[in-house]
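A.B. asks: Sharing coords.cif here; it has mmCIF, C-alpha atoms.
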```
data_final
#
loop_
_atom_site.label_atom_id
_atom_site.label_comp_id
_atom_site.auth_asym_id
_atom_site.auth_seq_id
_atom_site.Cartn_x
_atom_site.Cartn_y
_atom_site.Cartn_z
CA MET A 677 -18.84 23.21 4.65
CA ASN A 678 -18.31 25.66 1.85
CA PRO A 679 -21.79 26.59 0.54
CA LYS A 680 -20.38 26.74 -2.99
CA ALA A 681 -18.98 23.20 -2.75
CA LEU A 682 -20.14 20.52 -5.15
CA ASN A 683 -18.88 16.93 -4.66
CA GLY A 684 -16.75 18.40 -1.87
CA LEU A 685 -15.03 20.70 -4.36
CA ASP A 686 -15.13 24.48 -4.51
CA VAL A 687 -16.24 24.86 -8.14
CA GLU A 688 -15.11 28.48 -8.44
CA ALA A 689 -11.65 27.72 -6.99
CA MET A 690 -11.34 24.74 -9.34
CA ARG A 691 -12.16 26.91 -12.37
CA MET A 692 -9.60 29.46 -11.24
CA ALA A 693 -6.99 26.74 -10.72
CA VAL A 694 -7.56 25.45 -14.26
CA ALA A 695 -7.42 28.98 -15.68
CA THR A 696 -4.14 29.62 -13.85
CA VAL A 697 -2.58 26.49 -15.36
CA GLY A 698 -4.02 27.44 -18.75
CA ALA A 699 -2.31 30.85 -18.61
CA GLN A 700 1.09 29.10 -18.66
CA PRO A 701 1.61 27.77 -22.20
CA GLU A 702 4.57 25.65 -21.07
CA ALA A 703 2.22 23.72 -18.76
CA ALA A 704 0.64 22.10 -21.82
CA ARG A 705 3.74 19.95 -22.14
CA ALA A 706 3.61 18.40 -18.69
CA ARG A 707 6.84 16.83 -17.45
CA LYS A 708 7.18 14.29 -14.71
CA ALA A 709 10.11 12.55 -13.11
CA ALA A 710 10.43 9.49 -10.90
CA ARG A 711 13.21 7.45 -9.26
CA VAL A 712 13.10 3.82 -8.28
CA ARG A 713 15.32 2.29 -5.61
CA TRP A 714 15.88 -1.34 -4.71
CA VAL A 715 14.74 -2.16 -1.17
CA GLU A 716 15.59 -5.89 -1.07
CA ARG A 717 14.81 -9.08 -3.02
CA LEU A 718 11.98 -8.11 -5.44
CA LYS A 719 10.85 -5.08 -3.39
CA PHE A 720 11.24 -1.60 -4.82
CA ARG A 721 10.31 1.91 -3.74
CA ALA A 722 9.28 4.54 -6.28
CA TYR A 723 9.77 8.27 -5.56
CA VAL A 724 7.60 10.89 -7.25
CA ARG A 725 7.80 14.50 -5.97
CA ASN A 726 7.05 14.35 -2.23
CA HIS A 727 5.52 10.86 -2.42
CA THR A 728 6.68 7.26 -2.42
CA PHE A 729 5.04 3.92 -3.05
CA GLU A 730 6.26 0.34 -2.76
CA VAL A 731 6.06 -2.52 -5.19
CA ASP A 732 6.55 -6.25 -4.67
CA GLU A 733 5.83 -9.53 -6.45
CA PRO A 734 3.42 -12.21 -5.19
CA SER A 735 4.74 -15.39 -3.57
CA HIS A 736 4.22 -17.51 -6.68
CA LEU A 737 6.93 -15.34 -8.27
CA ALA A 738 9.36 -15.52 -5.35
CA GLY A 739 8.21 -12.20 -3.91
CA GLU A 740 6.66 -11.64 -0.49
CA ASP A 741 3.46 -9.93 -1.65
CA ALA A 742 4.00 -6.91 0.59
CA SER A 743 2.59 -4.49 -2.03
CA PRO A 744 0.80 -4.47 -5.40
CA THR A 745 2.80 -5.42 -8.48
CA SER A 746 3.81 -2.86 -11.11
CA MET A 747 1.05 -4.02 -13.46
CA GLU A 748 -1.55 -3.78 -10.70
CA TYR A 749 -0.54 -0.15 -10.13
CA VAL A 750 -1.04 0.53 -13.84
CA LEU A 751 -4.47 -1.14 -13.89
CA GLY A 752 -5.59 0.71 -10.75
CA ALA A 753 -4.15 3.97 -12.11
CA LEU A 754 -6.24 3.64 -15.27
CA GLY A 755 -9.32 3.36 -13.05
CA THR A 756 -8.36 6.25 -10.79
CA CYS A 757 -7.51 8.45 -13.80
CA LEU A 758 -10.96 7.83 -15.31
CA ALA A 759 -12.65 8.32 -11.93
CA THR A 760 -10.73 11.57 -11.33
CA GLY A 761 -11.59 12.85 -14.80
CA PHE A 762 -15.25 12.00 -14.34
CA VAL A 763 -15.55 13.80 -10.98
CA PHE A 764 -13.52 16.73 -12.34
CA ASN A 765 -15.62 17.09 -15.50
CA ALA A 766 -18.98 16.45 -13.84
CA THR A 767 -18.22 19.00 -11.12
CA GLN A 768 -17.30 21.63 -13.69
CA ARG A 769 -20.68 21.00 -15.33
CA GLY A 770 -22.52 21.39 -12.03
CA ILE A 771 -23.46 17.72 -11.62
CA SER A 772 -23.75 16.38 -8.09
CA ILE A 773 -22.42 12.80 -7.77
CA ARG A 774 -23.98 10.58 -5.14
CA ASN A 775 -21.99 7.40 -5.67
CA LEU A 776 -19.23 6.27 -7.99
CA GLU A 777 -17.20 3.10 -8.50
CA VAL A 778 -15.00 1.79 -11.30
CA ALA A 779 -14.42 -1.91 -12.01
CA LEU A 780 -11.54 -3.04 -14.23
CA GLU A 781 -10.66 -6.41 -15.75
CA SER A 782 -7.63 -7.03 -17.89
CA ALA A 783 -5.88 -9.77 -19.82
CA GLN A 784 -2.27 -9.97 -20.92
CA ASP A 785 -0.88 -12.50 -23.36
CA ASN A 786 1.82 -13.84 -23.31
CA TYR A 787 2.92 -13.44 -19.69
CA PHE A 788 5.37 -16.33 -20.16
CA THR A 789 7.57 -13.97 -22.19
CA PHE A 790 8.33 -12.00 -19.01
CA LEU A 791 9.13 -15.21 -17.15
CA GLY A 792 11.54 -16.35 -19.86
CA LEU A 793 9.29 -19.33 -20.67
CA ALA A 794 8.40 -18.07 -24.16
CA ALA A 795 10.69 -16.39 -26.67
CA ASP A 796 8.01 -14.29 -28.34
CA GLY A 797 4.79 -12.67 -27.30
CA HIS A 798 3.42 -9.49 -25.85
CA PRO A 799 3.60 -9.60 -22.05
CA GLY A 800 1.70 -6.30 -21.63
CA PHE A 801 -2.04 -5.75 -21.40
CA ASP A 802 -3.92 -6.83 -24.53
CA GLU A 803 -7.17 -5.31 -23.41
CA VAL A 804 -8.76 -3.73 -20.40
CA ALA A 805 -12.49 -3.58 -19.74
CA VAL A 806 -13.55 -0.65 -17.60
CA LYS A 807 -17.00 -0.10 -16.18
CA LEU A 808 -18.14 3.00 -14.33
CA TYR A 809 -21.06 2.61 -11.94
CA VAL A 810 -22.44 6.03 -11.12
CA GLN A 811 -25.39 7.67 -9.39
CA ALA A 812 -25.60 11.38 -10.15
CA ASP A 813 -28.13 14.18 -10.41
CA ALA A 814 -28.20 14.45 -14.19
CA GLU A 815 -29.94 12.94 -17.19
CA GLU A 816 -28.48 9.63 -18.30
CA ALA A 817 -27.55 11.13 -21.70
CA VAL A 818 -25.53 13.88 -19.99
CA ILE A 819 -23.74 11.36 -17.75
CA ARG A 820 -22.85 9.29 -20.82
CA GLU A 821 -21.52 12.38 -22.57
CA VAL A 822 -19.34 13.33 -19.59
CA TRP A 823 -18.04 9.74 -19.38
CA GLU A 824 -17.22 9.58 -23.11
CA HIS A 825 -15.39 12.91 -22.89
CA THR A 826 -13.52 11.62 -19.82
CA VAL A 827 -12.42 8.42 -21.56
CA ARG A 828 -11.31 10.37 -24.65
CA THR A 829 -9.21 12.85 -22.64
CA SER A 830 -7.79 10.49 -19.99
CA PRO A 831 -3.99 10.82 -19.63
CA VAL A 832 -3.54 7.20 -18.48
CA GLY A 833 -6.08 5.95 -21.04
CA ASN A 834 -4.23 7.74 -23.83
CA SER A 835 -0.86 6.49 -22.55
CA LEU A 836 -2.08 2.88 -22.81
CA GLY A 837 -4.24 3.31 -25.90
CA ARG A 838 -1.49 4.77 -28.07
CA SER A 839 2.19 3.94 -28.42
CA VAL A 840 4.50 5.71 -26.02
CA THR A 841 8.14 5.96 -27.10
CA ILE A 842 10.34 4.50 -24.41
CA ARG A 843 14.02 5.35 -24.61
CA ALA A 844 15.84 2.99 -22.27
CA GLU A 845 19.52 3.10 -21.48
CA VAL A 846 21.85 1.64 -18.91
CA ASP A 847 24.79 3.18 -17.09
CA VAL A 848 27.06 0.42 -15.84
CA VAL A 849 28.77 1.78 -12.72
CA PRO A 850 32.27 0.32 -12.23
CA MET B 349 20.79 -16.02 5.54
CA ASN B 350 20.16 -18.77 3.05
CA PRO B 351 23.61 -19.82 1.73
CA LYS B 352 22.04 -20.33 -1.73
CA ALA B 353 20.65 -16.79 -1.77
CA LEU B 354 21.69 -14.36 -4.49
CA ASN B 355 20.45 -10.75 -4.29
CA GLY B 356 18.44 -11.93 -1.27
CA LEU B 357 16.61 -14.47 -3.45
CA ASP B 358 16.73 -18.26 -3.26
CA VAL B 359 17.65 -18.98 -6.88
CA GLU B 360 16.53 -22.59 -6.81
CA ALA B 361 13.15 -21.70 -5.24
CA MET B 362 12.72 -18.94 -7.85
CA ARG B 363 13.40 -21.39 -10.70
CA MET B 364 10.88 -23.82 -9.22
CA ALA B 365 8.30 -21.05 -8.83
CA VAL B 366 8.70 -20.10 -12.50
CA ALA B 367 8.51 -23.75 -13.57
CA THR B 368 5.32 -24.21 -11.54
CA VAL B 369 3.68 -21.23 -13.26
CA GLY B 370 4.97 -22.49 -16.62
CA ALA B 371 3.26 -25.86 -16.08
CA GLN B 372 -0.13 -24.11 -16.12
CA PRO B 373 -0.83 -23.13 -19.76
CA GLU B 374 -3.74 -20.90 -18.69
CA ALA B 375 -1.28 -18.77 -16.68
CA ALA B 376 0.16 -17.46 -19.96
CA ARG B 377 -2.96 -15.35 -20.34
CA ALA B 378 -2.67 -13.49 -17.06
CA ARG B 379 -5.81 -11.80 -15.82
CA LYS B 380 -6.03 -9.00 -13.32
CA ALA B 381 -8.90 -7.12 -11.74
CA ALA B 382 -9.13 -3.86 -9.81
CA ARG B 383 -11.83 -1.68 -8.23
CA VAL B 384 -11.68 2.03 -7.61
CA ARG B 385 -13.78 3.81 -4.99
CA TRP B 386 -14.30 7.50 -4.42
CA VAL B 387 -13.00 8.64 -1.02
CA GLU B 388 -13.85 12.38 -1.23
CA ARG B 389 -13.17 15.36 -3.50
CA LEU B 390 -10.46 14.18 -5.96
CA LYS B 391 -9.21 11.36 -3.70
CA PHE B 392 -9.67 7.75 -4.76
CA ARG B 393 -8.69 4.36 -3.41
CA ALA B 394 -7.76 1.50 -5.73
CA TYR B 395 -8.22 -2.13 -4.63
CA VAL B 396 -6.13 -4.92 -6.17
CA ARG B 397 -6.27 -8.39 -4.55
CA ASN B 398 -5.33 -7.90 -0.88
CA HIS B 399 -3.81 -4.45 -1.46
CA THR B 400 -4.99 -0.86 -1.76
CA PHE B 401 -3.39 2.41 -2.77
CA GLU B 402 -4.60 5.99 -2.77
CA VAL B 403 -4.52 8.63 -5.47
CA ASP B 404 -4.99 12.39 -5.29
CA GLU B 405 -4.37 15.48 -7.38
CA PRO B 406 -1.92 18.26 -6.50
CA SER B 407 -3.15 21.56 -5.11
CA HIS B 408 -2.79 23.39 -8.44
CA LEU B 409 -5.58 21.09 -9.69
CA ALA B 410 -7.87 21.55 -6.68
CA GLY B 411 -6.64 18.39 -4.98
CA GLU B 412 -4.93 18.14 -1.61
CA ASP B 413 -1.78 16.31 -2.76
CA ALA B 414 -2.21 13.53 -0.21
CA SER B 415 -0.90 10.88 -2.65
CA PRO B 416 0.72 10.53 -6.09
CA THR B 417 -1.43 11.18 -9.16
CA SER B 418 -2.56 8.39 -11.49
CA MET B 419 0.10 9.33 -14.06
CA GLU B 420 2.83 9.33 -11.42
CA TYR B 421 1.86 5.78 -10.46
CA VAL B 422 2.18 4.75 -14.11
CA LEU B 423 5.59 6.41 -14.48
CA GLY B 424 6.86 4.86 -11.24
CA ALA B 425 5.37 1.48 -12.21
CA LEU B 426 7.31 1.50 -15.48
CA GLY B 427 10.49 2.00 -13.45
CA THR B 428 9.65 -0.68 -10.89
CA CYS B 429 8.66 -3.14 -13.63
CA LEU B 430 12.02 -2.68 -15.36
CA ALA B 431 13.88 -2.86 -12.04
CA THR B 432 11.99 -6.03 -11.04
CA GLY B 433 12.69 -7.63 -14.40
CA PHE B 434 16.38 -6.75 -14.21
CA VAL B 435 16.83 -8.24 -10.71
CA PHE B 436 14.75 -11.27 -11.69
CA ASN B 437 16.70 -11.92 -14.91
CA ALA B 438 20.13 -11.13 -13.46
CA THR B 439 19.51 -13.42 -10.48
CA GLN B 440 18.47 -16.29 -12.75
CA ARG B 441 21.78 -15.83 -14.58
CA GLY B 442 23.76 -15.90 -11.35
CA ILE B 443 24.71 -12.21 -11.34
CA SER B 444 25.16 -10.53 -7.97
CA ILE B 445 23.84 -6.94 -7.95
CA ARG B 446 25.52 -4.49 -5.61
CA ASN B 447 23.51 -1.37 -6.34
CA LEU B 448 20.61 -0.46 -8.62
CA GLU B 449 18.57 2.66 -9.33
CA VAL B 450 16.24 3.70 -12.13
CA ALA B 451 15.62 7.33 -13.16
CA LEU B 452 12.63 8.25 -15.33
CA GLU B 453 11.68 11.45 -17.14
CA SER B 454 8.55 11.89 -19.17
CA ALA B 455 6.72 14.42 -21.28
CA GLN B 456 3.04 14.54 -22.21
CA ASP B 457 1.53 16.83 -24.78
CA ASN B 458 -1.17 18.14 -24.73
CA TYR B 459 -2.09 18.12 -21.05
CA PHE B 460 -4.57 20.96 -21.69
CA THR B 461 -6.85 18.42 -23.39
CA PHE B 462 -7.44 16.77 -20.00
CA LEU B 463 -8.17 20.15 -18.42
CA GLY B 464 -10.72 21.03 -21.09
CA LEU B 465 -8.52 23.91 -22.29
CA ALA B 466 -7.78 22.32 -25.69
CA ALA B 467 -10.18 20.41 -27.92
CA ASP B 468 -7.58 18.15 -29.50
CA GLY B 469 -4.31 16.64 -28.48
CA HIS B 470 -2.85 13.61 -26.80
CA PRO B 471 -2.85 14.07 -23.02
CA GLY B 472 -0.94 10.82 -22.38
CA PHE B 473 2.81 10.29 -22.27
CA ASP B 474 4.56 11.06 -25.56
CA GLU B 475 7.85 9.65 -24.47
CA VAL B 476 9.57 8.36 -21.40
CA ALA B 477 13.34 8.27 -20.92
CA VAL B 478 14.49 5.54 -18.56
CA LYS B 479 18.01 5.12 -17.25
CA LEU B 480 19.23 2.21 -15.18
CA TYR B 481 22.27 2.81 -12.97
CA VAL B 482 23.70 -0.52 -11.90
CA GLN B 483 26.72 -2.00 -10.16
CA ALA B 484 26.90 -5.77 -10.59
CA ASP B 485 29.43 -8.58 -10.69
CA ALA B 486 29.31 -9.21 -14.42
CA GLU B 487 30.91 -7.98 -17.63
CA GLU B 488 29.40 -4.80 -19.00
CA ALA B 489 28.31 -6.62 -22.17
CA VAL B 490 26.39 -9.18 -20.11
CA ILE B 491 24.70 -6.46 -18.04
CA ARG B 492 23.65 -4.68 -21.26
CA GLU B 493 22.26 -7.93 -22.65
CA VAL B 494 20.21 -8.58 -19.48
CA TRP B 495 18.91 -4.99 -19.57
CA GLU B 496 17.92 -5.18 -23.25
CA HIS B 497 16.11 -8.47 -22.64
CA THR B 498 14.38 -6.88 -19.61
CA VAL B 499 13.19 -3.85 -21.59
CA ARG B 500 11.95 -6.09 -24.44
CA THR B 501 9.94 -8.34 -22.10
CA SER B 502 8.65 -5.76 -19.61
CA PRO B 503 4.88 -6.05 -19.04
CA VAL B 504 4.47 -2.33 -18.23
CA GLY B 505 6.89 -1.33 -21.01
CA ASN B 506 4.90 -3.38 -23.52
CA SER B 507 1.60 -1.99 -22.21
CA LEU B 508 2.81 1.56 -22.86
CA GLY B 509 4.81 0.84 -26.01
CA ARG B 510 1.97 -0.82 -27.91
CA SER B 511 -1.72 -0.03 -28.15
CA VAL B 512 -3.92 -1.55 -25.48
CA THR B 513 -7.60 -1.91 -26.37
CA ILE B 514 -9.68 -0.17 -23.71
CA ARG B 515 -13.37 -1.03 -23.66
CA ALA B 516 -15.08 1.56 -21.48
CA GLU B 517 -18.73 1.51 -20.50
CA VAL B 518 -20.93 3.22 -17.97
CA ASP B 519 -23.78 1.86 -15.89
CA VAL B 520 -25.99 4.74 -14.79
CA VAL B 521 -27.55 3.67 -11.49
CA PRO B 522 -31.04 5.17 -10.98
#
```
As a first step, turn the structure in this file into structure tokens.
C.D. replies:
Amino acid sequence: MNPKALNGLDVEAMRMAVATVGAQPEAARARKAARVRWVERLKFRAYVRNHTFEVDEPSHLAGEDASPTSMEYVLGALGTCLATGFVFNATQRGISIRNLEVALESAQDNYFTFLGLAADGHPGFDEVAVKLYVQADAEEAVIREVWEHTVRTSPVGNSLGRSVTIRAEVDVVP
Amino acid sequence: MNPKALNGLDVEAMRMAVATVGAQPEAARARKAARVRWVERLKFRAYVRNHTFEVDEPSHLAGEDASPTSMEYVLGALGTCLATGFVFNATQRGISIRNLEVALESAQDNYFTFLGLAADGHPGFDEVAVKLYVQADAEEAVIREVWEHTVRTSPVGNSLGRSVTIRAEVDVVP
């Protein structure tokens, strides 16, 4: 065990990693790419860098429930983004975390729009409630400050909380 | 092989599944829940219903790159949501799909806000370009119509394209 480790992380190495990214101005505009391929029925596999993950629909939507749905990945990703940010920010401030869990609850209205059962409506998330449960070696006021900073600077939180421009096109292959 | 199957899906069973959901008015307001637990360092595990998935950060951010990042899950989930919707809608219209792939490219600015290197800025996605490549037994105009309907009614697309209210709180455990 690295004697300089905090929350399992080498704080000095983490600061150097951040400084290295910060020295590249083009890194401020982060770019990502993904591909999605059809496996069968309503199963799909997403490819991002050297990773893949699978998506399916539950049985009440004619899927086989082999994997989470797309919306479940988004909800979980909001939680993991906030959890990652909290551990990242707390560690940089020298706070030791003993225990951490995030609970999320969401509602979307009107889901029937996706199913073709309603002509109008917003089938995306209307609201998401997120609650962080945390035990850490710091004053409660400091923990609240780190959490508020984390929420404010969360990439997934900001992607959902503001409007992202989606440019969608189709290439019909003969 | 079910003789009534189209794109591997039993069209009649799919229509009945949708009708069954449609008969429950409360299903229009779909609710989802997720939990996120800390595994170690910057690794987290998300729990949704009977499924789990893991998230990590790449090595240039002090992670070990064991899994996709939270933002990569969101980008991939946008692609899988659009792909799912397209197969779902095309199948209901009796269109046989021979091949399908979705490519996504995104940009976020300013990522440095998440890293604590910039005080202001929007660390979420600014824009995402999505391109569907598809080979299907239908007129190009029909395929374009199905795609446009799919984009308009996509749950993940609508979650990113509009503003979701995020209510975040913290429970500091003594």
A.B. asks: Pick out the closest residue to chain A from this set: B:Asn437, B:Ser418, B:Thr368, B:Thr498. Count all atoms listed in the file.
C.D. replies: B:Ser418
A.B. asks: Using the chain letters and numbers from this file, what does the PyMOL selection byres ((chain A and resi 712) around 10) select? Give the answer as a ChimeraX atom specification.
C.D. replies: /A:710-711,713-715,720-724,728-731 /B:424-431,448-452,480
A.B. asks: Please provide the set of residues having any atom within 12 Å of Glu487 (chain B), restricted to only C-alpha atoms, with same-chain residues fewer than 2 positions apart removed, written as number ranges by chain.
C.D. replies: A: 848-850; B: 438, 443-444, 482-485, 489-494
A.B. asks: Selection from above, C-alpha atoms, as a JSON list (two decimals), in the frame of the given file, can you write it?
C.D. replies:
```json
[["chain", "number", "residue", "atom", "x", "y", "z"],
["A", 848, "VAL", "CA", 27.06, 0.42, -15.84],
["A", 849, "VAL", "CA", 28.77, 1.78, -12.72],
["A", 850, "PRO", "CA", 32.27, 0.32, -12.23],
["B", 438, "ALA", "CA", 20.13, -11.13, -13.46],
["B", 443, "ILE", "CA", 24.71, -12.21, -11.34],
["B", 444, "SER", "CA", 25.16, -10.53, -7.97],
["B", 482, "VAL", "CA", 23.70, -0.52, -11.90],
["B", 483, "GLN", "CA", 26.72, -2.00, -10.16],
["B", 484, "ALA", "CA", 26.90, -5.77, -10.59],
["B", 485, "ASP", "CA", 29.43, -8.58, -10.69],
["B", 489, "ALA", "CA", 28.31, -6.62, -22.17],
["B", 490, "VAL", "CA", 26.39, -9.18, -20.11],
["B", 491, "ILE", "CA", 24.70, -6.46, -18.04],
["B", 492, "ARG", "CA", 23.65, -4.68, -21.26],
["B", 493, "GLU", "CA", 22.26, -7.93, -22.65],
["B", 494, "VAL", "CA", 20.21, -8.58, -19.48]]
```
A.B. asks: So which residues touch His408 (chain B) within 7 Å, counting all atoms listed in the file, skipping near sequence neighbours fewer than 2 positions away, as a list of chain:residue names?
C.D. replies: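 Listing them by chain and then by number gives A:Ala693, B:Pro406, B:Ala410.
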A.B. asks: Which residue gives the smallest distance to Thr461 (chain B) among A:Gln768, A:Asn775, A:Ser830, A:Asn683, with only C-alpha atoms counted?
C.D. replies: A:Ser830
A.B. asks: One decimal, in Å: what's the spacing between CA of Met747 (chain A) and CA of Pro471 (chain B)?
C.D. replies: 20.8 Å
A.B. asks: Looking at only C-alpha atoms, which of A:Met692, A:Arg769, A:Leu682, A:Ala704 is the one that sits closest to chain B?
C.D. replies: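 Smallest distance to chain B is found for A:Ala704.
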A.B. asks: Calculate how many Å separate CA of His727 (chain A) from CA of Ser415 (chain B), rounding to one decimal.
C.D. replies: 6.4 Å
A.B. asks: Rank A:Glu733, A:Asp741, A:Glu816, A:Asp802 by their smallest atom-to-atom distance to Asp519 (chain B), using all atoms listed in the file, and report the top residue only.
C.D. replies: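 Between A:Glu733, A:Asp741, A:Glu816, A:Asp802, the residue approaching Asp519 (chain B) most closely is A:Glu816.
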A.B. asks: Tell me which protein, DNA and RNA residues are within 12 Å of Pro701 (chain A), counting all atoms listed in the file, leaving out same-chain ones fewer than 3 positions away, and put them as a PDB file with C-alpha atoms, keeping the file's coordinate frame.
C.D. replies:
```pdb
ATOM      1  CA  ALA A 695      -7.420  28.980 -15.680  1.00  0.00           C
ATOM      2  CA  THR A 696      -4.140  29.620 -13.850  1.00  0.00           C
ATOM      3  CA  VAL A 697      -2.580  26.490 -15.360  1.00  0.00           C
ATOM      4  CA  GLY A 698      -4.020  27.440 -18.750  1.00  0.00           C
ATOM      5  CA  ALA A 704       0.640  22.100 -21.820  1.00  0.00           C
ATOM      6  CA  ARG A 705       3.740  19.950 -22.140  1.00  0.00           C
ATOM      7  CA  ALA A 706       3.610  18.400 -18.690  1.00  0.00           C
TER       8      ALA A 706
ATOM      9  CA  ASP B 457       1.530  16.830 -24.780  1.00  0.00           C
ATOM     10  CA  ASN B 458      -1.170  18.140 -24.730  1.00  0.00           C
ATOM     11  CA  TYR B 459      -2.090  18.120 -21.050  1.00  0.00           C
ATOM     12  CA  PHE B 460      -4.570  20.960 -21.690  1.00  0.00           C
ATOM     13  CA  LEU B 465      -8.520  23.910 -22.290  1.00  0.00           C
ATOM     14  CA  ALA B 466      -7.780  22.320 -25.690  1.00  0.00           C
TER      15      ALA B 466
END
```
A.B. asks: With distances taken over all atoms listed in the file, which residue among A:Arg843, A:Arg725, A:Arg828, A:Arg691 lies nearest chain B?
C.D. replies: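 Residue with the minimum atom-to-atom distance to chain B: A:Arg843.
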